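**Q** entry.txt is reproduced in full below (compact mmCIF, C-alpha atoms and all ligand atoms).
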# COMPACT_ATOMS: atom_id res chain seq x y z
CA MET D 1 -39.98 3.57 -54.33
CA PRO D 2 -37.85 5.47 -51.85
CA ARG D 3 -39.45 8.74 -51.00
CA SER D 4 -36.48 10.78 -52.26
CA GLN D 5 -36.92 9.52 -55.82
CA ARG D 6 -40.66 10.04 -56.06
CA GLU D 7 -40.60 13.70 -57.05
CA ALA D 8 -38.05 13.09 -59.82
CA VAL D 9 -39.95 10.13 -61.26
CA VAL D 10 -43.28 11.97 -61.18
CA SER D 11 -41.71 15.00 -62.84
CA ARG D 12 -40.13 12.83 -65.58
CA MET D 13 -43.43 11.10 -66.17
CA SER D 14 -45.13 14.49 -66.38
CA ASP D 15 -42.62 15.45 -69.09
CA ALA D 16 -43.44 12.23 -70.91
CA TYR D 17 -47.13 13.12 -70.61
CA GLU D 18 -46.51 16.64 -71.96
CA SER D 19 -44.62 15.26 -74.96
CA GLY D 20 -47.40 12.76 -75.65
CA ALA D 21 -45.29 9.65 -74.94
CA ILE D 22 -47.74 8.42 -72.26
CA LYS D 23 -51.41 9.09 -71.67
CA GLU D 24 -51.36 9.19 -67.88
CA ARG D 25 -50.80 12.33 -65.92
CA LEU D 26 -49.30 11.94 -62.46
CA LYS D 27 -49.41 14.33 -59.54
CA LEU D 28 -48.24 14.16 -55.93
CA THR D 29 -50.27 15.97 -53.28
CA GLN D 30 -49.99 16.27 -49.55
CA ALA D 31 -53.62 15.52 -48.82
CA ALA D 32 -56.38 13.38 -50.27
CA PRO D 33 -58.17 15.10 -53.17
CA ASP D 34 -61.50 16.61 -52.25
CA TRP D 35 -63.72 14.66 -54.65
CA SER D 36 -66.67 14.61 -52.34
CA THR D 37 -67.66 18.07 -53.64
CA GLU D 38 -69.12 16.33 -56.73
CA ALA D 39 -72.86 16.17 -56.71
CA ASP D 40 -73.62 12.84 -55.17
CA HIS D 41 -75.94 11.52 -57.86
CA GLU D 42 -73.40 12.42 -60.54
CA VAL D 43 -70.68 10.39 -58.77
CA SER D 44 -72.89 7.37 -58.32
CA ARG D 45 -74.08 7.64 -61.94
CA GLN D 46 -70.52 7.65 -63.18
CA LEU D 47 -69.51 4.87 -60.81
CA SER D 48 -72.40 2.69 -61.89
CA HIS D 49 -71.20 3.38 -65.39
CA ILE D 50 -67.81 1.91 -64.54
CA HIS D 51 -69.62 -0.88 -62.80
CA ARG D 52 -71.24 -1.89 -66.07
CA ILE D 53 -67.97 -1.72 -67.99
CA PHE D 54 -66.22 -3.92 -65.46
CA GLU D 55 -69.12 -6.33 -65.64
CA ASN D 56 -68.97 -6.41 -69.43
CA ALA D 57 -65.29 -7.18 -69.22
CA GLY D 58 -66.03 -10.06 -66.83
CA THR D 59 -64.05 -8.67 -63.84
CA GLN D 60 -65.13 -7.63 -60.38
CA PRO D 61 -66.17 -4.00 -60.35
CA PRO D 62 -65.03 -1.72 -57.57
CA SER D 63 -67.75 -0.96 -55.07
CA ALA D 64 -69.83 2.12 -55.75
CA LYS D 65 -67.82 4.11 -53.28
CA ALA D 66 -64.55 2.36 -53.87
CA ARG D 67 -62.27 3.69 -51.22
CA ALA D 68 -60.07 0.66 -50.79
CA LEU D 69 -57.76 -0.73 -53.47
CA GLY D 70 -56.21 -3.82 -51.90
CA ASP D 71 -54.93 -2.76 -48.46
CA VAL D 72 -54.13 0.71 -49.70
CA ASN D 73 -56.40 3.65 -49.13
CA GLY D 74 -57.52 5.12 -52.42
CA LEU D 75 -60.19 6.94 -54.35
CA ILE D 76 -61.55 6.45 -57.81
CA ARG D 77 -63.85 8.61 -59.87
CA VAL D 78 -64.90 9.09 -63.43
CA HIS D 79 -64.50 12.66 -64.58
CA LEU D 80 -65.27 12.32 -68.26
CA PRO D 81 -63.34 12.09 -70.48
CA SER D 82 -60.91 10.88 -67.79
CA LEU D 83 -60.73 8.25 -65.10
CA GLU D 84 -59.03 9.52 -61.97
CA LEU D 85 -57.34 7.49 -59.26
CA ALA D 86 -55.84 8.69 -56.03
CA VAL D 87 -53.72 6.37 -53.84
CA GLU D 88 -52.41 7.14 -50.40
CA LEU D 89 -48.74 6.34 -50.14
CA SER D 90 -46.97 4.95 -47.07
CA ASP D 91 -45.90 8.40 -45.91
CA GLY D 92 -49.35 9.87 -46.11
CA THR D 93 -48.92 11.75 -49.42
CA TRP D 94 -51.27 11.02 -52.27
CA LEU D 95 -50.48 10.03 -55.84
CA GLN D 96 -53.09 11.08 -58.35
CA ILE D 97 -53.28 9.46 -61.76
CA THR D 98 -55.50 10.81 -64.53
CA THR D 99 -55.94 8.61 -67.54
CA PRO D 100 -58.19 8.95 -70.66
CA TYR D 101 -61.36 7.02 -70.29
CA ASP D 102 -63.39 5.63 -73.24
CA VAL D 103 -66.97 4.82 -72.63
CA ASP D 104 -67.57 1.69 -74.65
CA ASP D 105 -71.24 1.22 -74.12
CA ARG D 106 -72.69 -0.65 -77.06
CA ALA D 107 -76.17 -0.82 -75.63
CA LEU D 108 -76.20 2.96 -75.30
CA VAL D 109 -74.89 3.42 -78.85
CA TRP D 110 -77.56 1.11 -80.21
CA ALA D 111 -80.24 2.78 -78.17
CA GLN D 112 -79.14 6.09 -79.66
CA ARG D 113 -79.14 4.68 -83.17
CA ALA D 114 -82.60 3.16 -82.72
CA PHE D 115 -83.82 6.48 -81.37
CA LEU D 116 -82.43 8.29 -84.43
CA ILE D 117 -83.99 5.76 -86.82
CA VAL D 118 -87.40 6.04 -85.13
CA LEU D 119 -87.11 9.82 -85.15
CA ALA D 120 -86.19 9.79 -88.85
CA LEU D 121 -89.10 7.47 -89.68
CA ILE D 122 -91.56 9.65 -87.82
CA THR D 123 -90.20 12.77 -89.51
CA ILE D 124 -90.34 11.18 -92.97
CA THR D 125 -93.91 9.95 -92.41
CA VAL D 126 -95.03 13.37 -91.24
CA VAL D 127 -93.32 15.08 -94.20
CA ILE D 128 -94.89 12.65 -96.72
CA TRP D 129 -98.29 13.14 -95.13
CA LEU D 130 -97.91 16.90 -95.23
CA VAL D 131 -96.73 16.95 -98.85
CA ARG D 132 -99.63 14.67 -99.87
CA ARG D 133 -102.06 16.86 -98.03
CA MET D 134 -100.66 19.95 -99.71
CA THR D 135 -100.57 18.50 -103.23
CA ARG D 136 -103.88 16.63 -103.19
CA PRO D 137 -105.98 19.72 -103.93
CA ILE D 138 -103.57 20.57 -106.80
CA ASP D 139 -104.06 17.06 -108.18
CA ASP D 140 -107.83 17.44 -107.84
CA LEU D 141 -107.68 20.79 -109.60
CA SER D 142 -105.63 19.48 -112.53
CA ARG D 143 -107.92 16.45 -112.85
CA ALA D 144 -110.98 18.70 -112.82
CA VAL D 145 -109.48 20.99 -115.47
CA GLU D 146 -108.62 17.97 -117.63
CA GLU D 147 -112.13 16.54 -117.19
CA PHE D 148 -113.66 19.94 -117.91
CA GLY D 149 -111.67 20.22 -121.13
CA ARG D 150 -113.05 16.90 -122.30
CA HIS D 151 -116.68 17.19 -121.21
CA PRO D 152 -117.44 20.76 -120.14
CA GLU D 153 -121.18 20.13 -120.09
CA ILE D 154 -121.09 17.57 -117.27
CA ALA D 155 -118.09 18.80 -115.24
CA LYS D 156 -118.81 19.00 -111.50
CA PRO D 157 -117.71 21.87 -109.25
CA LEU D 158 -114.53 21.50 -107.20
CA ARG D 159 -114.47 21.55 -103.40
CA GLU D 160 -112.90 24.81 -102.29
CA GLU D 161 -110.52 23.64 -99.55
CA GLY D 162 -106.83 23.61 -98.65
CA VAL D 163 -104.42 26.53 -98.39
CA ARG D 164 -105.57 29.97 -99.46
CA GLU D 165 -103.92 29.96 -102.92
CA ILE D 166 -105.50 26.62 -103.78
CA ARG D 167 -108.90 27.72 -102.49
CA THR D 168 -108.66 30.79 -104.71
CA ALA D 169 -107.70 28.68 -107.73
CA ALA D 170 -110.59 26.26 -107.08
CA HIS D 171 -112.97 29.19 -106.66
CA SER D 172 -111.85 30.74 -109.97
CA PHE D 173 -112.19 27.37 -111.67
CA ASN D 174 -115.73 26.95 -110.34
CA ARG D 175 -116.69 30.41 -111.51
CA MET D 176 -115.26 29.75 -114.98
CA ARG D 177 -117.03 26.39 -115.07
CA SER D 178 -120.44 27.82 -114.30
CA GLN D 179 -119.98 30.70 -116.77
CA ILE D 180 -119.00 28.35 -119.59
CA GLN D 181 -121.74 25.87 -118.75
CA GLY D 182 -124.23 28.74 -118.65
CA ASN D 183 -123.11 29.88 -122.10
CA MET D 184 -123.38 26.37 -123.46
CA GLU D 185 -126.86 25.92 -122.06
CA GLU D 186 -127.90 29.23 -123.51
CA ARG D 187 -126.51 28.23 -126.89
CA SER D 188 -128.50 24.99 -126.93
CA ARG D 189 -131.60 26.78 -125.70
CA ILE D 190 -131.33 29.24 -128.59
CA ILE D 191 -130.79 26.45 -131.10
CA ALA D 192 -133.72 24.48 -129.67
CA ALA D 193 -136.04 27.50 -129.61
CA MET D 194 -135.13 28.69 -133.09
CA THR D 195 -135.35 25.32 -134.74
CA HIS D 196 -138.59 24.56 -132.94
CA ASP D 197 -140.19 27.85 -133.94
CA LEU D 198 -138.99 27.53 -137.54
CA ARG D 199 -141.02 24.35 -137.97
CA THR D 200 -144.40 26.12 -138.10
CA PRO D 201 -143.66 28.67 -140.87
CA LEU D 202 -141.89 25.92 -142.78
CA THR D 203 -144.95 23.68 -142.68
CA LYS D 204 -147.08 26.60 -143.91
CA MET D 205 -144.61 27.21 -146.71
CA GLN D 206 -144.70 23.56 -147.69
CA LEU D 207 -148.49 23.64 -147.92
CA ARG D 208 -148.51 26.82 -150.01
CA LEU D 209 -145.83 25.43 -152.30
CA GLU D 210 -148.38 22.95 -153.66
CA ARG D 211 -149.91 25.85 -155.56
CA VAL D 212 -146.69 27.26 -157.05
CA GLU D 213 -146.32 27.15 -160.81
CA PRO D 214 -144.37 26.19 -162.90
CA ALA D 215 -143.64 22.66 -161.70
CA GLU D 216 -139.85 23.06 -162.16
CA LEU D 217 -139.70 25.99 -159.76
CA ARG D 218 -141.99 24.15 -157.34
CA GLY D 219 -139.63 21.15 -157.37
CA LYS D 220 -136.61 23.36 -156.58
CA LEU D 221 -138.42 25.13 -153.77
CA GLN D 222 -139.61 21.84 -152.34
CA ASP D 223 -136.00 20.57 -152.32
CA ALA D 224 -134.93 23.68 -150.46
CA VAL D 225 -137.73 23.27 -147.93
CA PHE D 226 -136.79 19.62 -147.46
CA THR D 227 -133.17 20.59 -146.72
CA MET D 228 -134.30 23.25 -144.26
CA ARG D 229 -136.51 20.71 -142.53
CA GLU D 230 -133.54 18.34 -142.22
CA MET D 231 -131.43 21.12 -140.73
CA ILE D 232 -134.15 21.92 -138.23
CA GLU D 233 -134.48 18.27 -137.22
CA GLN D 234 -130.70 18.02 -136.75
CA GLY D 235 -130.70 21.22 -134.70
CA LEU D 236 -133.38 19.83 -132.43
CA GLU D 237 -131.54 16.57 -132.17
CA PHE D 238 -128.41 18.44 -131.15
CA ALA D 239 -130.25 20.42 -128.51
CA ARG D 240 -131.70 17.18 -127.18
CA SER D 241 -128.31 15.44 -127.15
CA LEU D 242 -127.14 17.51 -124.17
CA SER D 243 -129.28 15.64 -121.71
CA SER D 244 -131.35 12.51 -121.72
CA LYS D 245 -134.06 11.00 -119.59
CA GLU D 246 -133.36 7.55 -120.99
CA GLU D 247 -132.43 4.97 -118.35
CA MET D 248 -129.10 3.17 -118.34
CA THR D 249 -129.60 -0.52 -119.12
CA ARG D 250 -127.29 -3.48 -119.47
CA ILE D 251 -126.89 -4.40 -123.12
CA ASP D 252 -124.84 -6.95 -124.99
CA LEU D 253 -122.69 -4.69 -127.13
CA ARG D 254 -121.81 -7.45 -129.58
CA SER D 255 -125.39 -8.23 -130.61
CA PHE D 256 -126.25 -4.50 -130.43
CA VAL D 257 -123.67 -3.48 -133.04
CA GLN D 258 -124.32 -6.61 -135.07
CA SER D 259 -128.00 -5.66 -135.45
CA MET D 260 -127.05 -2.09 -136.40
CA VAL D 261 -124.71 -3.38 -139.10
CA ASP D 262 -127.51 -5.64 -140.35
CA ASP D 263 -129.86 -2.64 -140.58
CA TYR D 264 -127.33 -0.80 -142.73
CA ALA D 265 -126.89 -3.84 -144.98
CA ASP D 266 -130.70 -4.06 -145.36
CA VAL D 267 -130.81 -0.60 -146.93
CA GLY D 268 -127.91 -1.41 -149.25
CA LYS D 269 -125.09 0.32 -147.31
CA GLN D 270 -121.69 -1.34 -147.26
CA VAL D 271 -120.90 -1.83 -143.60
CA GLN D 272 -118.81 -4.75 -142.43
CA PHE D 273 -118.62 -6.05 -138.84
CA VAL D 274 -115.31 -7.40 -137.51
CA ASP D 275 -115.35 -8.92 -134.03
CA GLU D 276 -111.86 -8.89 -132.51
CA THR D 277 -112.88 -9.58 -128.92
CA GLU D 278 -111.35 -12.56 -127.17
CA GLN D 279 -114.26 -14.38 -125.56
CA LYS D 280 -116.72 -14.47 -128.43
CA ASP D 281 -119.12 -16.93 -126.73
CA SER D 282 -119.78 -14.80 -123.68
CA PRO D 283 -121.79 -11.58 -124.02
CA LEU D 284 -119.90 -8.28 -123.89
CA VAL D 285 -122.07 -6.40 -121.40
CA VAL D 286 -121.97 -2.63 -121.05
CA SER D 287 -124.40 -0.40 -119.23
CA ALA D 288 -125.58 2.26 -121.62
CA ARG D 289 -128.49 4.33 -122.85
CA ALA D 290 -129.32 2.21 -125.88
CA LEU D 291 -130.97 4.95 -127.96
CA CYS D 292 -128.17 7.42 -127.30
CA LEU D 293 -125.59 4.78 -128.17
CA LYS D 294 -127.42 4.00 -131.40
CA ARG D 295 -127.59 7.69 -132.38
CA CYS D 296 -123.89 8.05 -131.66
CA LEU D 297 -122.88 5.09 -133.82
CA ASP D 298 -125.43 6.07 -136.50
CA ASN D 299 -123.73 9.42 -136.93
CA LEU D 300 -120.30 7.79 -137.24
CA LEU D 301 -121.50 5.12 -139.67
CA SER D 302 -123.45 7.57 -141.81
CA ASN D 303 -120.39 9.83 -142.02
CA ALA D 304 -118.23 6.91 -143.14
CA CYS D 305 -120.81 5.88 -145.74
CA ALA D 306 -121.24 9.47 -146.94
CA TYR D 307 -117.57 10.45 -147.16
CA ALA D 308 -115.94 7.09 -147.92
CA GLY D 309 -118.71 4.99 -149.45
CA SER D 310 -118.27 2.11 -147.02
CA ALA D 311 -117.39 1.40 -143.41
CA GLN D 312 -115.94 -1.24 -141.17
CA LEU D 313 -117.15 -1.60 -137.61
CA LEU D 314 -114.55 -3.14 -135.32
CA LEU D 315 -115.25 -4.48 -131.84
CA GLN D 316 -112.37 -4.92 -129.37
CA THR D 317 -111.73 -4.97 -125.64
CA GLU D 318 -109.05 -3.03 -123.78
CA LYS D 319 -108.72 -3.96 -120.07
CA ASP D 320 -112.14 -3.00 -118.65
CA LEU D 321 -113.21 -1.07 -121.75
CA ALA D 322 -115.14 -2.10 -124.82
CA VAL D 323 -113.88 -0.30 -127.93
CA VAL D 324 -116.08 0.21 -130.97
CA SER D 325 -114.16 1.60 -133.96
CA VAL D 326 -115.75 2.88 -137.14
CA CYS D 327 -113.10 2.82 -139.86
CA ASP D 328 -113.29 3.92 -143.48
CA GLN D 329 -111.02 4.42 -146.44
CA GLY D 330 -112.17 7.86 -147.44
CA PRO D 331 -110.26 11.16 -147.56
CA GLY D 332 -109.97 11.50 -143.76
CA ILE D 333 -109.99 14.90 -142.06
CA PRO D 334 -107.11 17.42 -142.21
CA GLU D 335 -105.12 17.05 -138.95
CA GLU D 336 -105.73 20.69 -137.95
CA CYS D 337 -109.51 20.13 -138.06
CA LEU D 338 -109.65 16.95 -135.97
CA GLU D 339 -110.91 18.73 -132.86
CA GLN D 340 -112.95 21.39 -134.64
CA VAL D 341 -115.19 18.87 -136.43
CA PHE D 342 -116.80 18.17 -133.05
CA GLU D 343 -118.00 21.75 -132.86
CA PRO D 344 -121.63 22.28 -133.90
CA TYR D 345 -122.07 23.41 -137.52
CA PHE D 346 -118.41 22.94 -138.35
CA ARG D 347 -117.77 21.24 -141.66
CA VAL D 348 -114.52 20.71 -143.50
CA GLU D 349 -114.38 22.95 -146.58
CA HIS D 350 -114.88 20.22 -149.21
CA SER D 351 -118.13 19.08 -147.60
CA ARG D 352 -119.78 22.49 -147.51
CA ASN D 353 -121.56 21.36 -150.62
CA ARG D 354 -124.88 20.04 -149.34
CA THR D 355 -125.21 17.21 -151.83
CA PHE D 356 -122.25 15.73 -150.01
CA GLY D 357 -122.03 17.11 -146.51
CA GLY D 358 -124.77 17.59 -143.97
CA THR D 359 -125.53 20.18 -141.36
CA GLY D 360 -122.26 19.80 -139.48
CA LEU D 361 -123.97 18.58 -136.33
CA GLY D 362 -123.38 14.82 -136.67
CA LEU D 363 -120.11 14.58 -134.73
CA ALA D 364 -121.21 17.13 -132.12
CA ILE D 365 -124.29 14.99 -131.49
CA ALA D 366 -122.19 11.79 -131.49
CA ARG D 367 -119.85 13.17 -128.84
CA ASN D 368 -122.70 14.37 -126.64
CA MET D 369 -124.32 10.97 -126.95
CA ALA D 370 -121.03 9.31 -126.02
CA VAL D 371 -120.77 11.51 -122.92
CA LEU D 372 -124.33 10.55 -121.94
CA ASN D 373 -123.09 6.97 -122.01
CA GLY D 374 -120.01 7.67 -119.90
CA ALA D 375 -117.92 6.95 -122.97
CA ASP D 376 -115.09 8.69 -124.76
CA LEU D 377 -115.24 9.47 -128.48
CA THR D 378 -112.07 10.22 -130.43
CA ILE D 379 -111.19 10.39 -134.10
CA GLU D 380 -107.90 10.02 -135.92
CA ASN D 381 -106.66 9.62 -139.47
CA ARG D 382 -105.54 6.12 -140.31
CA PRO D 383 -101.92 5.74 -141.47
CA HIS D 384 -102.91 4.48 -144.92
CA GLY D 385 -105.76 6.92 -145.46
CA GLY D 386 -109.28 7.08 -144.13
CA LEU D 387 -110.72 7.98 -140.77
CA LYS D 388 -111.05 5.97 -137.57
CA ALA D 389 -113.57 7.00 -134.94
CA GLN D 390 -113.27 5.18 -131.61
CA LEU D 391 -115.83 4.91 -128.89
CA ARG D 392 -114.56 3.61 -125.54
CA LEU D 393 -117.22 2.34 -123.17
CA PRO D 394 -116.62 0.96 -119.71
CA THR D 395 -117.74 -2.67 -119.51
CA ALA D 396 -120.29 -3.59 -116.83
P1 LIG K 401 -124.42 16.04 -140.41
O1 LIG K 401 -123.79 14.84 -139.90
O2 LIG K 401 -124.91 16.96 -139.36
O3 LIG K 401 -125.46 15.77 -141.42
P2 LIG K 401 -121.77 16.55 -141.38
O4 LIG K 401 -121.59 15.15 -141.70
O5 LIG K 401 -121.19 17.55 -142.32
O6 LIG K 401 -123.29 16.89 -141.15
P3 LIG K 401 -120.40 15.97 -138.99
O7 LIG K 401 -120.90 14.60 -139.04
O8 LIG K 401 -120.34 16.68 -137.69
O9 LIG K 401 -121.19 16.89 -139.96
O10 LIG K 401 -118.95 16.01 -139.58
C1 LIG K 401 -118.22 17.21 -139.61
C2 LIG K 401 -117.29 17.22 -140.79
O11 LIG K 401 -116.27 16.25 -140.59
C3 LIG K 401 -117.95 16.81 -142.06
O12 LIG K 401 -118.49 17.92 -142.70
C4 LIG K 401 -116.81 16.20 -142.84
O13 LIG K 401 -116.12 17.20 -143.53
C5 LIG K 401 -115.90 15.67 -141.80
N1 LIG K 401 -116.05 14.21 -141.67
C6 LIG K 401 -116.79 13.57 -140.76
N2 LIG K 401 -116.66 12.24 -140.89
C7 LIG K 401 -115.80 12.04 -141.91
C8 LIG K 401 -115.25 10.88 -142.55
N3 LIG K 401 -115.58 9.66 -142.16
N4 LIG K 401 -114.38 11.06 -143.57
C9 LIG K 401 -114.05 12.30 -143.96
N5 LIG K 401 -114.52 13.43 -143.40
C10 LIG K 401 -115.39 13.32 -142.40
MG MG K 402 -122.31 13.62 -140.42
Go ahead and express the file in the form of structure tokens.
**A**
Amino acid sequence: MPRSQREAVVSRMSDAYESGAIKERLKLTQAAPDWSTEADHEVSRQLSHIHRIFENAGTQPPSAKARALGDVNGLIRVHLPSLELAVELSDGTWLQITTPYDVDDRALVWAQRAFLIVLALITITVVIWLVRRMTRPIDDLSRAVEEFGRHPEIAKPLREEGVREIRTAAHSFNRMRSQIQGNMEERSRIIAAMTHDLRTPLTKMQLRLERVEPAELRGKLQDAVFTMREMIEQGLEFARSLSSKEEMTRIDLRSFVQSMVDDYADVGKQVQFVDETEQKDSPLVVSARALCLKRCLDNLLSNACAYAGSAQLLLQTEKDLAVVSVCDQGPGIPEECLEQVFEPYFRVEHSRNRTFGGTGLGLAIARNMAVLNGADLTIENRPHGGLKAQLRLPTA
């Protein structure tokens, strides 16, 4: 281009750049631009960047310090977000072109994405770990409270660890646990002591009764003494049901309940055995304290016989549990009393009459005996009348 036209063309192209018609900005200068003031490592970093892009595109890259473009003297540099070129014209002036420059570096983009993904994974893992760590003591606490509600007598203390609030809660729980357990122990000690001490005067009374006249009065008094003796025996039995020295042994539950049912039949009680387990040929082994288990089932069966006249003993399995159900067709228990009947000396109103009801310790003893066997005892009213007591024992 003749020298005289250059200024006009450059100025028109600058207008076009200003109006957005082209992306390149052109400039004419008298001397070469002073690009050497750039920090050297920055220039070479940017040039090696271009190097890679040219390589990716399959063309020859300019040399790291590209000063020659063909036989023309020129300079090139990356000045993000632009690529800048300077070319020396025939008359010694320089034309500078600045054009937008997109870095299309997929490897870099992927490296960044991978970095973000790894960072996110690490963060998520740390957060999950932290949340678990924070909530585990709360889980332990709620499990301990639940367990305590079911079997307060054998509940173990909680470890007091974790953040301060949780440590305080665990500490309060432990204090409550030992207070309640202390009260319960005291209660059984009183019952045991009283019932034990009552035996002696009662025996004396029984002996002296032999001499009471008339015979009708003697008979009535003897009945009363007999009832008192029964109450004392039950009281002692209850006190004993809170702990046991009996060893756990492996027993075949099927033959165990079968022989109990036979014993009831021998004394004329109507108790029927229904085996609903799947593998009837193989023994259904549980580890249990046999005597405690017998006392537990005895109390359930004698209740059914007393309040309903007959009983059905059902044997089933549920995953790794053996379930013994004692069902009857009697009056059942009012829904609001279903938990209370497990309390010592609690009897439903209609059975306060002693010809019918007993001491009110049977179910309390049965539940303690179940706990001593690591089992769960629950009762519910059957939909068509009658009561169902269920004992769930873990199978061995
Ligand atoms: P004990 O068993 O000490 O001689 P009890 O039978 O009265 O006396 P529990 O066995 O603890 O005491 O039972 C508590 C109460 O629950 C009973 O008084 C009775 O009212 C009610 N009950 C228990 N089993 C049955 C049942 N199978 N059907 C109806 N009511 C029942
Ligand atoms: Mg009873």
**Q** Around ligand MG 402 (chain K), out to 12 Å and counting all atoms listed in the file, which residues are there? I want them as JSON, numbers by chain.
**A** {"D": [231, 234, 295, 296, 297, 298, 299, 300, 301, 302, 303, 304, 305, 306, 307, 308, 341, 342, 343, 344, 345, 346, 347, 348, 351, 352, 354, 356, 357, 358, 359, 360, 361, 362, 363, 364, 365, 366, 367]}
**Q** Keeping only C-alpha atoms, take the residues you just selected and write them out as a compact mmCIF listing (two decimals), keeping the file's coordinate frame.
**A**
# COMPACT_ATOMS: atom_id res chain seq x y z
CA MET D 231 -131.43 21.12 -140.73
CA GLN D 234 -130.70 18.02 -136.75
CA ARG D 295 -127.59 7.69 -132.38
CA CYS D 296 -123.89 8.05 -131.66
CA LEU D 297 -122.88 5.09 -133.82
CA ASP D 298 -125.43 6.07 -136.50
CA ASN D 299 -123.73 9.42 -136.93
CA LEU D 300 -120.30 7.79 -137.24
CA LEU D 301 -121.50 5.12 -139.67
CA SER D 302 -123.45 7.57 -141.81
CA ASN D 303 -120.39 9.83 -142.02
CA ALA D 304 -118.23 6.91 -143.14
CA CYS D 305 -120.81 5.88 -145.74
CA ALA D 306 -121.24 9.47 -146.94
CA TYR D 307 -117.57 10.45 -147.16
CA ALA D 308 -115.94 7.09 -147.92
CA VAL D 341 -115.19 18.87 -136.43
CA PHE D 342 -116.80 18.17 -133.05
CA GLU D 343 -118.00 21.75 -132.86
CA PRO D 344 -121.63 22.28 -133.90
CA TYR D 345 -122.07 23.41 -137.52
CA PHE D 346 -118.41 22.94 -138.35
CA ARG D 347 -117.77 21.24 -141.66
CA VAL D 348 -114.52 20.71 -143.50
CA SER D 351 -118.13 19.08 -147.60
CA ARG D 352 -119.78 22.49 -147.51
CA ARG D 354 -124.88 20.04 -149.34
CA PHE D 356 -122.25 15.73 -150.01
CA GLY D 357 -122.03 17.11 -146.51
CA GLY D 358 -124.77 17.59 -143.97
CA THR D 359 -125.53 20.18 -141.36
CA GLY D 360 -122.26 19.80 -139.48
CA LEU D 361 -123.97 18.58 -136.33
CA GLY D 362 -123.38 14.82 -136.67
CA LEU D 363 -120.11 14.58 -134.73
CA ALA D 364 -121.21 17.13 -132.12
CA ILE D 365 -124.29 14.99 -131.49
CA ALA D 366 -122.19 11.79 -131.49
CA ARG D 367 -119.85 13.17 -128.84
**Q** Kindly indicate which residue among D:Glu237, D:Pro383, D:Ser90, D:Arg392 lies nearest to ligand LIG 401 (chain K), using all atoms listed in the file for the distances.
**A** D:Glu237
**Q** With 4 Å added on each side, what axis-aligned box encloses every listed atom of ligand LIG 401 (chain K)? Give the centre and edge lengths in Å to one decimal, as lines of an AutoDock Vina configuration file.
**A**
center_x = -119.8
center_y = 13.8
center_z = -140.8
size_x = 19.4
size_y = 16.3
size_z = 14.3
**Q** Counting all atoms listed in the file, figure out which residue out of D:Ile251, D:Val267, D:Leu85, D:Ile22 gets nearest to D:Trp35.
**A**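 Comparing D:Ile251, D:Val267, D:Leu85, D:Ile22 against D:Trp35, the winner is D:Leu85.
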**Q** Need to verify the contact set: stretch 312-317 of chain D, 6 Å, all atoms listed in the file, exclusion of same-chain residues closer than 6 positions in sequence. Can you return it as a ChimeraX atom specification?
**A** /D:271-277,323-327
**Q** How many Å lie between atom CA of D:Arg12 and atom CA of D:Thr93, rounded to one decimal?
**A**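 Taking atom CA of D:Arg12 and atom CA of D:Thr93, their separation equals 18.4 Å.
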**Q** Pick out the closest residue to ligand LIG 401 (chain K) from this set: D:Thr395, D:Thr378, D:Gln340, D:Ser243. Count only C-alpha atoms and all ligand atoms.
**A**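 Among the listed residues, D:Gln340 lies closest to ligand LIG 401 (chain K).
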**Q** Just give me the gap between atom CA of D:Ile232 and atom CA of D:Arg289 in Å, one decimal is fine.
**A** 24.0 Å
**Q** Of the candidates D:Val371, D:Ala396, D:Ala114, D:Ala389, which one gets nearest to ligand LIG 401 (chain K) if we count only C-alpha atoms and all ligand atoms?
**A**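 With only C-alpha atoms and all ligand atoms as the atom set, the closest residue is D:Ala389.
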**Q** For D:Glu161, please output as a PyMOL selection string all residues within 12 Å (counting all atoms listed in the file; exclusion window: fewer than 5 positions along the same chain).
**A** chain D and resi 133-138+140-141+166-171
**Q** As a list in words, please: the residues near D:Glu335 (cut-off 9 Å, all atoms listed in the file, same-chain neighbours under 4 positions excluded).
**A**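 These residues fall inside the cut-off: Glu339, Glu380 and Asn381 of chain D.
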**Q** Can you tell me which residues surround D:Ser282 at a distance of at most 12 Å, considering all atoms listed in the file, apart from same-chain residues fewer than 6 positions away, and format the answer as a list in words?
**A**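 Close residues of D:Ser282: Asp252, Leu253, Arg254 and Ser255 of chain D.
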**Q** Take atom CA of D:Ser82 and atom CA of D:Arg6 and report the distance between them in Å, one decimal.
**A**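 Interatomic distance here is 23.4 Å.
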**Q** For ligand LIG 401 (chain K), which residue out of D:Gly374, D:Cys292, D:Met228, D:Thr125 is the nearest one, using all atoms listed in the file?
**A**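 Smallest distance to ligand LIG 401 (chain K) is found for D:Met228.
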